[in-house]
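Below: the structure, in structure tokens.
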There are 2 protein chains.
Amino acid sequence: MSRPTARVVHLVSRPSGAPSAENFAFVDEPVPALVAGEALVENLYQSVDPYMREEMEEGGWELHAPLEGRTLGRVVETRADTLPVGTLVFHRQAWRTHSVVTAERAHLLPDFAGVPLSAHLSVLGGTGLSAWVGLTRIARLRPDETLFVSAAAGGVGTAAGRIARLLGAGLVIGSTGSAAKAAHLTEHLGFDAAFDYHDGPIADRLREAAPDGLHVYLDNVGGDHLEGAISAMRDRGRIAWCGAVAQYNNLQDPPAAPRNLYDVVGKNLRLEGFLVRDHLDARPELYDFLVPHLRSGALVPDETVVDGFDRVVEAFLGMLRGANTGKMIVRI
Amino acid sequence: MSRPTARVVHLVSRPSGAPSAENFAFVDEPVPALVAGEALVENLYQSVDPYMREEMEEGGWELHAPLEGRTLGRVVETRADTLPVGTLVFHRQAWRTHSVVTAERAHLLPDFAGVPLSAHLSVLGGTGLSAWVGLTRIARLRPDETLFVSAAAGGVGTAAGRIARLLGAGLVIGSTGSAAKAAHLTEHLGFDAAFDYHDGPIADRLREAAPDGLHVYLDNVGGDHLEGAISAMRDRGRIAWCGAVAQYNNLQDPPAAPRNLYDVVGKNLRLEGFLVRDHLDARPELYDFLVPHLRSGALVPDETVVDGFDRVVEAFLGMLRGANTGKMIVRI
């Protein structure tokens, strides 16, 4: 049998400011013969995520070397007993059409009949888990409470909107980067109110949307959004901070922290950061909660699926620019 | 019976920058005849506290009017059944030698035989309660954890050091404004390490004192201290933020928030503010925990007691400058 050739993306230079396609190169690599314990996976879906922008900096991904990322694929050749041919797996050897994995580095995907495979990269994957952990473990959102989500049209944001609705939230408010996306949030994604953050001070938009203030803010952005949300929080409000897309292009010179940070004291606020990788034990809770809603059709994952491995860099750069609504996924 | 005359302090002007004695005036006022439901209290002890600095600003205390503050006194004349002559009470009509109170505005002091009365203004009062709430409810300090306390020689700070020790904390580290106070903290107040915050970057001092990092930071200061502590926190560290002495002279122009605030995400930190007035229900817990230690002598309250009502303004200004160790109290 002739060995397949893997098509692979390498990082070839580090960006100063916004990254571009020139920072990446496509390379063809022969797939090596398997040794005992290994399996060859043909990749089916790959996730592109905001944190990858940080990996492009010095100290992150190596240049001219394999990159990582959340990937779903099917075993097509095996020398590992626990990974028979045909098995669907999740692994992190991404940015390539074929990956060689070991059982330790590939996780069997749970078999949820009636649930689309790509959901494991969206609402059942890291972005859904981020929203779940942020809303339940960190912010402890209660029924009827008012929630604000920044970057609301993104992967975590759309999952948060859906999950909050299913949890019985009261007002759900989102911010996003265009009027069209704001309309999409309220018309199709279950948000009660949404605004374009270019459209005046965020604190003012929040006061219009939620005159009685916010109980919970799920922060994906930091900077001005955090300052505006602190201003609009009710007493004893909770802020779950799970990343800062807006800051990734400026790591050498992070934006000023909120000028009203001292209101954390005056309003008895809780500001709590989290990395979803430190909360992977929450995944069974997420499955138990969401799979019935996925099966019943009460929950449709919000995904932007880009077709073709050749477009993986384009998809990544588009995600950073905010071209997606919902989780950005590449079908390989 | 001739009516006593009350000696009273009024605020007569608002400070720009640090306040001075000229912002206050002493006034003699006749004590009015009591009406039904009122009692006349001869004041014995008064607390001077950092929050009073904020009250001096526009929107706070009125000029040429009665001021408030935590006060202990004894009923000397009464037309209130629940406040018989001789009763010891806590009330907030301060900055005066005599106060007319109603039963609604005066709280009977619990009778803790063997516990000095002034403890109700220090470790059993607002400062002790701030430390208790910050360490137990907010930060949830666990045995053997490393604690950092800023403004450690102040009222909240010394109470926090004592309470942390009794709770079984591991390393207890304090920062303060002079080498002499730092020595006092380690030699007399149970701190394992202490430093003068003028002595180089706070993050560096913390790394020397706690090479394995901080589990908990009780913040009384904000600003540089908060930034240094964030830098020195361990993963999943907790910051209980209960006020910001350093900021009270600059409310028009608050100091920059920590430049490393984004580490709240990267380290899974929790930053939680609180106002002790919203946690008064914790007082019975505090009494239950501390009174046995006060009676046994295991805990001696750390107080700076200034003698004489005529020195109340001097005591307040001294507290703002950091002239006290432990809670600053005026014996009237």
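Residue numbers start at 1 in each chain; chains themselves are named A, B, ... in the order of the structure tokens; ligands are numbered from 1 in the order shown.
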When you look at B:Val89 with a cut-off of 6 Å (counting only C-alpha atoms), what residues show up, excluding the ones that are within fewer than 4 positions of it in the same chain? I need them as a list in words. Leu72, Gly73, Ala106, His107, Leu108 and Leu109 of chain B
Could you please tell me, as a ChimeraX atom specification, which residues of chain A have an atom within 7 Å of chain B when using only C-alpha atoms? /A:241-243,256-259,261,264-266,268-275
Polymer residues at most 12 Å from A:Pro84, only C-alpha atoms, same-chain spacing of 3 or more positions, as a compact mmCIF listing (two decimals) with N, CA and C atoms, in the first residue's frame:
# COMPACT_ATOMS: atom_id res chain seq x y z
N GLY A 37 2.07 0.79 19.06
CA GLY A 37 1.40 1.77 19.93
C GLY A 37 0.87 2.98 19.19
N GLU A 38 1.19 3.09 17.90
CA GLU A 38 0.76 4.26 17.14
C GLU A 38 -0.41 3.95 16.22
N ALA A 39 -1.15 5.00 15.88
CA ALA A 39 -2.21 4.89 14.88
C ALA A 39 -2.13 6.09 13.95
N LEU A 40 -2.52 5.86 12.70
CA LEU A 40 -2.59 6.96 11.73
C LEU A 40 -4.04 7.45 11.66
N VAL A 41 -4.21 8.76 11.84
CA VAL A 41 -5.54 9.35 11.84
C VAL A 41 -5.69 10.25 10.61
N ARG A 74 -10.44 10.12 12.08
CA ARG A 74 -10.78 8.70 12.10
C ARG A 74 -9.50 7.88 11.88
N VAL A 75 -9.34 6.84 12.67
CA VAL A 75 -8.17 5.97 12.54
C VAL A 75 -8.26 5.21 11.22
N VAL A 76 -7.18 5.28 10.40
CA VAL A 76 -7.17 4.59 9.11
C VAL A 76 -6.11 3.50 9.04
N GLU A 77 -5.25 3.45 10.02
CA GLU A 77 -4.19 2.42 10.06
C GLU A 77 -3.75 2.36 11.51
N THR A 78 -3.44 1.17 12.01
CA THR A 78 -3.18 1.13 13.46
C THR A 78 -2.17 0.06 13.84
N ARG A 79 -1.38 0.39 14.86
CA ARG A 79 -0.59 -0.60 15.58
C ARG A 79 -0.85 -0.43 17.08
N ALA A 80 -2.04 0.13 17.40
CA ALA A 80 -2.44 0.33 18.81
C ALA A 80 -3.74 -0.42 19.05
N ASP A 81 -3.74 -1.32 20.03
CA ASP A 81 -4.91 -2.16 20.27
C ASP A 81 -6.15 -1.35 20.61
N THR A 87 -12.06 4.01 14.34
CA THR A 87 -12.36 4.74 15.58
C THR A 87 -12.33 6.24 15.34
N LEU A 88 -13.27 6.97 15.93
CA LEU A 88 -13.26 8.43 15.91
C LEU A 88 -12.53 8.93 17.15
N VAL A 89 -11.57 9.81 16.92
CA VAL A 89 -10.76 10.30 18.04
C VAL A 89 -10.65 11.83 18.01
N THR A 102 -0.64 8.41 19.55
CA THR A 102 -0.61 7.26 20.46
C THR A 102 -1.90 7.28 21.27
N ALA A 103 -2.17 6.17 21.95
CA ALA A 103 -3.41 6.11 22.74
C ALA A 103 -3.42 7.17 23.83
N LEU A 108 -10.84 8.81 22.71
CA LEU A 108 -11.99 8.28 21.99
C LEU A 108 -13.16 9.23 22.20
Just want the 6 Å neighbourhood of stretch 156-168 of chain A, counted on only C-alpha atoms, with same-chain residues fewer than 5 positions away dropped. Output as a ChimeraX atom specification. /A:123,127-128,131,143,151,326
Would you pick out the contacts of stretch 56-69 of chain A at 12 Å or less, using only C-alpha atoms, so that residues sharing its chain but fewer than 2 positions from it are not included, and give the list as a count of residues only? 56
Using only C-alpha atoms, which protein or nucleic acid residues come within 8 Å of B:Asp196? Drop anything in the same chain fewer than 4 positions from it, and give the result as a list in words.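 In the requested format, the answer is Ser175, Thr176, Gly177, Ser178, Ala179, Lys181 and Ala182 of chain B.
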